[in-house]
Every structure is written in structure tokens, then in C-alpha cells.
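Colleague: My structure file query_13.csv, CSV, C-alpha atoms, is below:
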chain,number,residue,atom,x,y,z
A,278,MET,CA,0.0,0.0,0.0
A,279,GLU,CA,1.3,3.4,-0.9
A,280,GLN,CA,1.8,5.7,2.1
A,281,ASN,CA,0.9,9.4,2.1
A,282,ASN,CA,4.0,11.2,3.5
A,283,GLN,CA,2.4,14.7,3.3
A,284,PRO,CA,2.3,16.6,6.7
A,285,LEU,CA,-1.0,16.9,8.4
A,286,PRO,CA,-2.6,20.3,8.7
A,287,PRO,CA,-2.0,22.1,12.0
A,288,VAL,CA,-4.8,21.6,14.6
A,289,PHE,CA,-6.1,24.9,16.0
A,290,ASN,CA,-6.0,25.1,19.8
A,291,PRO,CA,-7.6,28.2,21.3
A,292,GLN,CA,-5.4,27.9,24.4
A,293,GLN,CA,-2.3,28.3,22.3
A,294,GLN,CA,-3.3,31.7,20.9
A,295,GLN,CA,-1.6,34.5,22.7
A,296,GLN,CA,-3.6,37.6,23.4
A,297,PRO,CA,-1.7,40.8,22.9
A,298,ALA,CA,-1.0,42.6,26.1
A,299,ALA,CA,-3.0,45.7,26.8
A,300,PRO,CA,-0.9,48.8,26.4
A,301,GLN,CA,0.0,50.5,29.7
A,302,TYR,CA,-0.4,54.2,29.5
A,303,GLN,CA,1.3,55.8,32.5
A,304,PRO,CA,2.2,59.5,32.8
A,305,ARG,CA,5.9,60.1,32.6
A,306,VAL,CA,5.9,62.9,35.2
A,307,THR,CA,3.4,64.5,37.6
A,308,ALA,CA,3.1,68.2,37.9
A,309,ARG,CA,2.8,69.9,41.3
A,310,PRO,CA,-0.1,72.4,41.8
A,311,MET,CA,0.6,75.9,40.6
A,312,MET,CA,2.2,78.2,43.2
A,313,GLY,CA,-0.1,80.9,44.6
A,314,PHE,CA,0.4,84.6,44.8
A,315,ILE,CA,1.2,84.8,48.5
A,316,GLU,CA,3.5,81.7,48.4
A,317,ALA,CA,5.4,83.1,45.4
A,318,VAL,CA,6.0,86.4,47.1
A,319,LYS,CA,7.2,84.8,50.3
A,320,THR,CA,9.4,82.4,48.4
A,321,CYS,CA,11.1,85.1,46.4
A,322,LEU,CA,11.6,87.4,49.3
A,323,ARG,CA,13.0,84.6,51.4
A,324,LYS,CA,15.4,83.9,48.5
A,325,TYR,CA,16.4,87.5,48.3
A,326,PHE,CA,20.1,86.9,47.5
A,327,THR,CA,19.7,83.3,46.1
A,328,PHE,CA,20.9,83.1,42.5
A,329,THR,CA,21.2,79.3,42.5
A,330,GLY,CA,18.5,76.7,42.1
A,331,ARG,CA,15.3,76.9,40.0
A,332,ALA,CA,12.0,78.8,39.9
A,333,ARG,CA,8.9,77.7,38.1
A,334,ARG,CA,6.8,80.1,36.0
A,335,SER,CA,4.1,80.7,38.6
A,336,GLU,CA,6.7,81.6,41.2
A,337,TYR,CA,8.4,84.1,39.0
A,338,TRP,CA,5.4,85.8,37.4
A,339,TRP,CA,3.4,86.2,40.6
A,340,PHE,CA,6.5,87.9,42.0
A,341,VAL,CA,6.7,90.2,39.0
A,342,LEU,CA,3.1,91.2,39.4
A,343,PHE,CA,3.8,92.0,43.1
A,344,LEU,CA,6.8,94.1,42.1
A,345,ILE,CA,4.7,96.1,39.6
A,346,LEU,CA,2.1,96.8,42.2
A,347,ALA,CA,4.6,97.5,45.0
A,348,VAL,CA,6.9,99.8,43.0
A,349,THR,CA,4.0,101.7,41.3
A,350,VAL,CA,2.0,102.3,44.5
A,351,GLY,CA,5.0,102.7,46.9
A,352,THR,CA,7.0,105.0,44.6
A,353,SER,CA,3.9,107.2,44.1
A,354,LEU,CA,3.1,107.5,47.8
A,355,LEU,CA,6.7,108.2,48.8
A,356,ALA,CA,7.1,110.8,46.0
A,357,MET,CA,4.0,112.6,47.2
A,358,LEU,CA,5.2,112.4,50.9
A,359,VAL,CA,8.6,113.8,50.0
A,360,GLN,CA,7.2,116.5,47.8
A,361,TRP,CA,4.8,117.6,50.6
A,362,LEU,CA,7.7,117.7,53.1
A,363,CYS,CA,9.9,119.7,50.7
A,364,GLN,CA,7.1,122.2,50.1
A,365,ALA,CA,6.6,122.5,53.9
A,366,MET,CA,10.3,123.3,54.3
A,367,ASP,CA,10.3,125.5,51.2
A,368,VAL,CA,13.1,123.5,49.4
A,369,ASP,CA,13.3,122.1,45.9
A,370,SER,CA,11.7,118.7,45.8
A,371,PHE,CA,13.2,117.4,42.5
A,372,TRP,CA,16.3,115.7,43.8
A,373,PRO,CA,14.8,114.4,47.1
A,374,VAL,CA,11.9,112.8,45.2
A,375,MET,CA,14.3,111.2,42.6
A,376,ILE,CA,16.6,109.8,45.3
A,377,VAL,CA,13.8,108.4,47.5
A,378,SER,CA,12.0,106.9,44.5
A,379,GLY,CA,15.3,105.4,43.2
A,380,LEU,CA,16.2,103.9,46.6
A,381,PHE,CA,12.7,102.3,46.9
A,382,SER,CA,13.0,100.7,43.5
A,383,ILE,CA,16.6,99.5,44.1
A,384,VAL,CA,15.3,97.5,47.1
A,385,PHE,CA,13.5,95.1,44.7
A,386,VAL,CA,16.2,94.9,42.0
A,387,ILE,CA,18.2,92.1,43.7
A,388,PRO,CA,15.2,89.7,44.4
A,389,VAL,CA,13.8,90.2,40.9
A,390,TYR,CA,17.1,89.5,39.2
A,391,ALA,CA,17.6,86.5,41.5
A,392,ALA,CA,14.2,85.1,40.6
A,393,MET,CA,14.9,85.7,36.9
A,394,VAL,CA,18.2,83.8,37.1
A,395,ARG,CA,16.4,80.9,38.8
A,396,ARG,CA,13.7,81.0,36.2
A,397,LEU,CA,16.3,80.6,33.4
A,398,HIS,CA,17.9,77.8,35.3
A,399,ASP,CA,14.5,76.1,35.4
A,400,THR,CA,14.4,76.1,31.6
A,401,GLY,CA,18.0,74.7,31.5
A,402,ARG,CA,19.6,78.0,30.5
A,403,SER,CA,22.5,79.9,32.1
A,404,GLY,CA,21.9,82.9,34.3
A,405,TRP,CA,24.6,84.8,32.3
A,406,TRP,CA,21.9,85.9,29.9
A,407,VAL,CA,20.6,88.1,32.8
A,408,GLY,CA,24.2,89.1,33.7
A,409,VAL,CA,25.0,90.4,30.2
A,410,ASN,CA,21.7,92.3,30.0
A,411,LEU,CA,22.4,93.9,33.4
A,412,LEU,CA,25.9,94.9,32.3
A,413,CYS,CA,24.5,96.6,29.2
A,414,SER,CA,21.9,98.4,31.3
A,415,LEU,CA,24.5,99.7,33.7
A,416,VAL,CA,26.7,100.9,30.9
A,417,TYR,CA,23.6,102.6,29.3
A,418,SER,CA,22.7,104.3,32.6
A,419,GLY,CA,26.3,105.4,33.2
A,420,CYS,CA,26.6,107.0,29.7
A,421,TYR,CA,23.2,108.7,30.1
A,422,THR,CA,24.2,110.1,33.5
A,423,MET,CA,27.5,111.3,32.1
A,424,ILE,CA,25.8,113.0,29.1
A,425,MET,CA,23.0,114.6,31.1
A,426,ALA,CA,24.9,115.6,34.2
A,427,PRO,CA,26.0,119.1,32.8
A,428,VAL,CA,22.4,120.0,31.9
A,429,VAL,CA,20.5,118.4,34.7
A,430,ASP,CA,19.8,121.8,36.4
A,431,LYS,CA,18.3,123.1,33.2
A,432,MET,CA,16.2,119.9,32.7
A,433,SER,CA,14.5,120.4,36.1
A,434,SER,CA,13.4,123.9,35.2
A,435,ILE,CA,12.0,123.1,31.7
A,436,ASP,CA,8.3,122.3,31.4
A,437,ASP,CA,8.1,122.2,27.6
A,438,PRO,CA,8.7,118.6,26.3
A,439,PHE,CA,10.0,119.9,23.0
A,440,ALA,CA,12.5,122.2,24.6
A,441,LEU,CA,13.5,119.3,26.9
A,442,ALA,CA,14.1,117.0,23.9
A,443,SER,CA,16.1,119.7,22.2
A,444,LEU,CA,18.3,120.1,25.3
A,445,MET,CA,18.9,116.4,25.5
A,446,THR,CA,19.8,116.1,21.8
A,447,ALA,CA,22.3,119.0,22.1
A,448,ALA,CA,23.8,117.3,25.2
A,449,MET,CA,24.3,114.0,23.2
A,450,GLN,CA,25.8,115.8,20.3
A,451,GLN,CA,28.5,117.2,22.6
A,452,SER,CA,29.5,113.7,23.7
A,453,PRO,CA,29.3,111.6,20.6
A,454,THR,CA,31.4,108.6,21.9
A,455,ALA,CA,29.2,108.3,25.0
A,456,ALA,CA,26.1,108.7,23.0
A,457,SER,CA,27.1,106.0,20.5
A,458,LEU,CA,28.0,103.6,23.3
A,459,MET,CA,24.7,104.4,25.0
A,460,SER,CA,22.8,103.6,21.9
A,461,LEU,CA,24.7,100.3,21.3
A,462,CYS,CA,24.1,99.1,24.8
A,463,GLY,CA,20.5,100.2,24.7
A,464,MET,CA,19.9,98.2,21.5
A,465,VAL,CA,21.7,95.1,22.9
A,466,SER,CA,19.8,95.4,26.2
A,467,PHE,CA,16.5,95.6,24.3
A,468,ILE,CA,17.2,92.5,22.3
A,469,LEU,CA,18.4,90.5,25.3
A,470,GLY,CA,15.3,91.6,27.2
A,471,ILE,CA,13.0,90.1,24.5
A,472,VAL,CA,15.0,86.9,24.5
A,473,ILE,CA,15.0,86.6,28.3
A,474,LEU,CA,11.2,87.4,28.3
A,475,ILE,CA,10.6,84.4,25.9
A,476,PHE,CA,12.8,82.2,28.1
A,477,THR,CA,10.8,83.1,31.2
A,478,LEU,CA,7.6,82.1,29.5
A,479,LEU,CA,8.8,78.6,28.7
A,480,ASP,CA,7.7,75.6,30.7
A,481,SER,CA,9.9,73.9,33.3
A,482,LYS,CA,12.3,71.2,32.2
A,483,TRP,CA,11.1,68.0,33.8
A,484,GLY,CA,13.7,66.1,35.8
A,485,GLU,CA,16.9,67.2,37.4
A,486,ASN,CA,19.4,69.4,35.6
A,487,LYS,CA,22.7,70.9,36.6
A,488,TYR,CA,20.9,73.6,38.6
A,489,GLY,CA,18.9,71.3,40.8
A,490,PRO,CA,15.7,69.2,40.9
A,491,SER,CA,12.6,70.4,39.1
A,492,PRO,CA,10.3,72.5,41.3
A,493,LYS,CA,7.3,71.6,39.1
A,494,TYR,CA,7.6,68.0,38.0
A,495,GLN,CA,8.2,65.0,40.2
Starting from the coordinates I provided, produce the structure as C-alpha cells.
Modeller:
Amino acid sequence: MEQNNQPLPPVFNPQQQQQPAAPQYQPRVTARPMMGFIEAVKTCLRKYFTFTGRARRSEYWWFVLFLILAVTVGTSLLAMLVQWLCQAMDVDSFWPVMIVSGLFSIVFVIPVYAAMVRRLHDTGRSGWWVGVNLLCSLVYSGCYTMIMAPVVDKMSSIDDPFALASLMTAAMQQSPTAASLMSLCGMVSFILGIVILIFTLLDSKWGENKYGPSPKYQ
């Protein structure tokens, strides 16, 4: 008898069929709740001189809002008070108002720059962006002071804005080198200010970087 050597067809066994494993969707990171206004102000004032570490967006921008309100209201009230005292003592109020208002604003310069540096650290960028911008701003202010110092007495006595603009233009023409340096530093500071603003609007980098652990993601 002739034998059939062809292989038999496979027998289907339901138990041998492997079901594909269900995909596991798990979040990579978990975000902490957004920092509130009071907490952000307390944190930034507590870290007055702290230029290390990281600061999330809510911490930085709540503090910026606080500074806008504090400087606007506080400077106005102090200027009105100093002007009233100067009028009572029959003295010129221009310089006292400028000095007091400037000192009040300087109080908040350090914490806002510290918070800005920590905010850039949170996005993985160096704080030297802020340092270069600050240097350009200081050079701009120094050149402006040097140019306007000889005519500052005339500026305080001029009420016409067009006459004041003409006086400032003439003062700049007398110091062309300082005026050119002031213009250059002002342009660089403006461009860097826009770049830093964009950086501060970016989200936190999840995970730990060289500036420390993430204050937002865990």
C-alpha cells in the first residue's frame, strides 16, 4: 500500500493563541499644583540673595506682578510724601523725590534678578543671559548720566517737552562717543530683554538638571 507522506494540517488550539498585552499608558511625570500669589512672594523674598536653584513660572510671574504693584504704588506714595515735606520746608523737591524713589526701586532689584536667574535655570539656561543684560543696562545708565549731568539743572526747570528734547539732543551731540556707546548698549539690552522674556515664558524642564531638581515636575 502506498503511504501518504504529506504533513498533516495544524490543529487549531484556542489555548495556544496568545492575546496581545494591553498597552499600559502611564504618565511620565506628575506636575505639582501651581504656586499661589502669597506663596510666590514669600518664596522670592526669602530667597532675596539666592541666585542658585530653579524657579517655576508661577513663582516668577506672581512675584513680577507683586513688584509692579509695590513699586507703582509705593513710589507714588513716597514721592507725594517727600514732595509735601519739601514744600513745607520751602526747598526744591526734584532731587529728594528722585533719590527716595530710586532707593525704593533699588530694594527690589536684587530679588527680581535672582528670581529671573532661577527661572532661566528652570528652563535649562544659564543665568549669564541676565548678567550680560544687566551689564548693558548699567553701561547705558552710566553713559546717560555722564551726558546729562551738565544740563540736569536746566532739565529740572524746563516744562516744555519739545524744549527738553532739544536740550537732551544737544547734550548728546556734545558727547558723541558716550552717545554711541549708550545707543549700542541700549539696543543690545532691548534685544536681550526680549530673548529673556521668551525664556521666562517657557515651561519647566522635567527632571533634574545641573541647577537642581525640578520645582514643578516630580
Colleague: Hey, what's within 8 Å of stretch 478-486 of chain A if we count all atoms listed in the file and toss same-chain stuff fewer than 3 positions away? As a count of residues only, please?
Modeller: 14
Colleague: Would you pick out the contacts of A:Ala455 at 8 Å or less, using all atoms listed in the file, so that residues sharing its chain but fewer than 2 positions from it are not included, and give the list as a VMD selection string?
Modeller: chain A and resid 420 to 421 423 to 424 449 452 to 453 457 to 459
Colleague: Could you tell me which of A:Ala392, A:Leu342, A:Met366, A:Val359 comes closest to A:Cys321 if we count only C-alpha atoms?
Modeller: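 With only C-alpha atoms as the atom set, the closest residue is A:Ala392.
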Colleague: May I ask which of the residues A:Met425, A:Leu411, A:Met432, A:Val465 is the closest one to A:Gln450, counting only C-alpha atoms?
Modeller: A:Met425
Colleague: Quote the spacing between atom CA of A:Ala440 and atom CA of A:Ala456 in Å to one decimal place.
Modeller: 19.2 Å
Colleague: Restricting the calculation to all atoms listed in the file: of A:Ala448, A:Ile376, A:Val394, A:Met464, which residue gets closest to A:Phe476?
Modeller: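 Under the stated criterion, the closest residue is A:Val394.
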Colleague: Report, in Å with one decimal, the straight-line distance from atom CA of A:Thr422 to atom CA of A:Gln360.
Modeller: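 About the pair atom CA of A:Thr422 and atom CA of A:Gln360: they are 23.1 Å apart.
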Colleague: To one decimal in Å, tell me the separation between atom CA of A:Tyr337 and atom CA of A:Pro310.
Modeller: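 Here the two named atoms are 14.7 Å from each other.
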Colleague: Which one is closest to A:Thr327: A:Leu380, A:Ile387, A:Trp361, A:Met375? Count all atoms listed in the file.
Modeller: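 Answer, going by the shortest atom-to-atom distance: A:Ile387.
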Colleague: Which protein, DNA or RNA residues have an atom at most 8 Å from (8.8, 83.3, 38.9), counting all atoms listed in the file? List them as a ChimeraX atom specification.
Modeller: /A:317,332-341,392-393,395-396,477
Colleague: I'd like the contact shell of A:Val348 - 10 Å cut-off, only C-alpha atoms, skipping same-chain residues fewer than 5 positions apart - returned as a compact mmCIF listing (two decimals) with C-alpha atoms, keeping the file's coordinate frame.
Modeller:
# COMPACT_ATOMS: atom_id res chain seq x y z
CA PHE A 343 3.80 92.00 43.10
CA SER A 353 3.90 107.20 44.10
CA LEU A 354 3.10 107.50 47.80
CA SER A 378 12.00 106.90 44.50
CA PHE A 381 12.70 102.30 46.90
CA SER A 382 13.00 100.70 43.50
CA ILE A 383 16.60 99.50 44.10
CA VAL A 384 15.30 97.50 47.10
CA PHE A 385 13.50 95.10 44.70
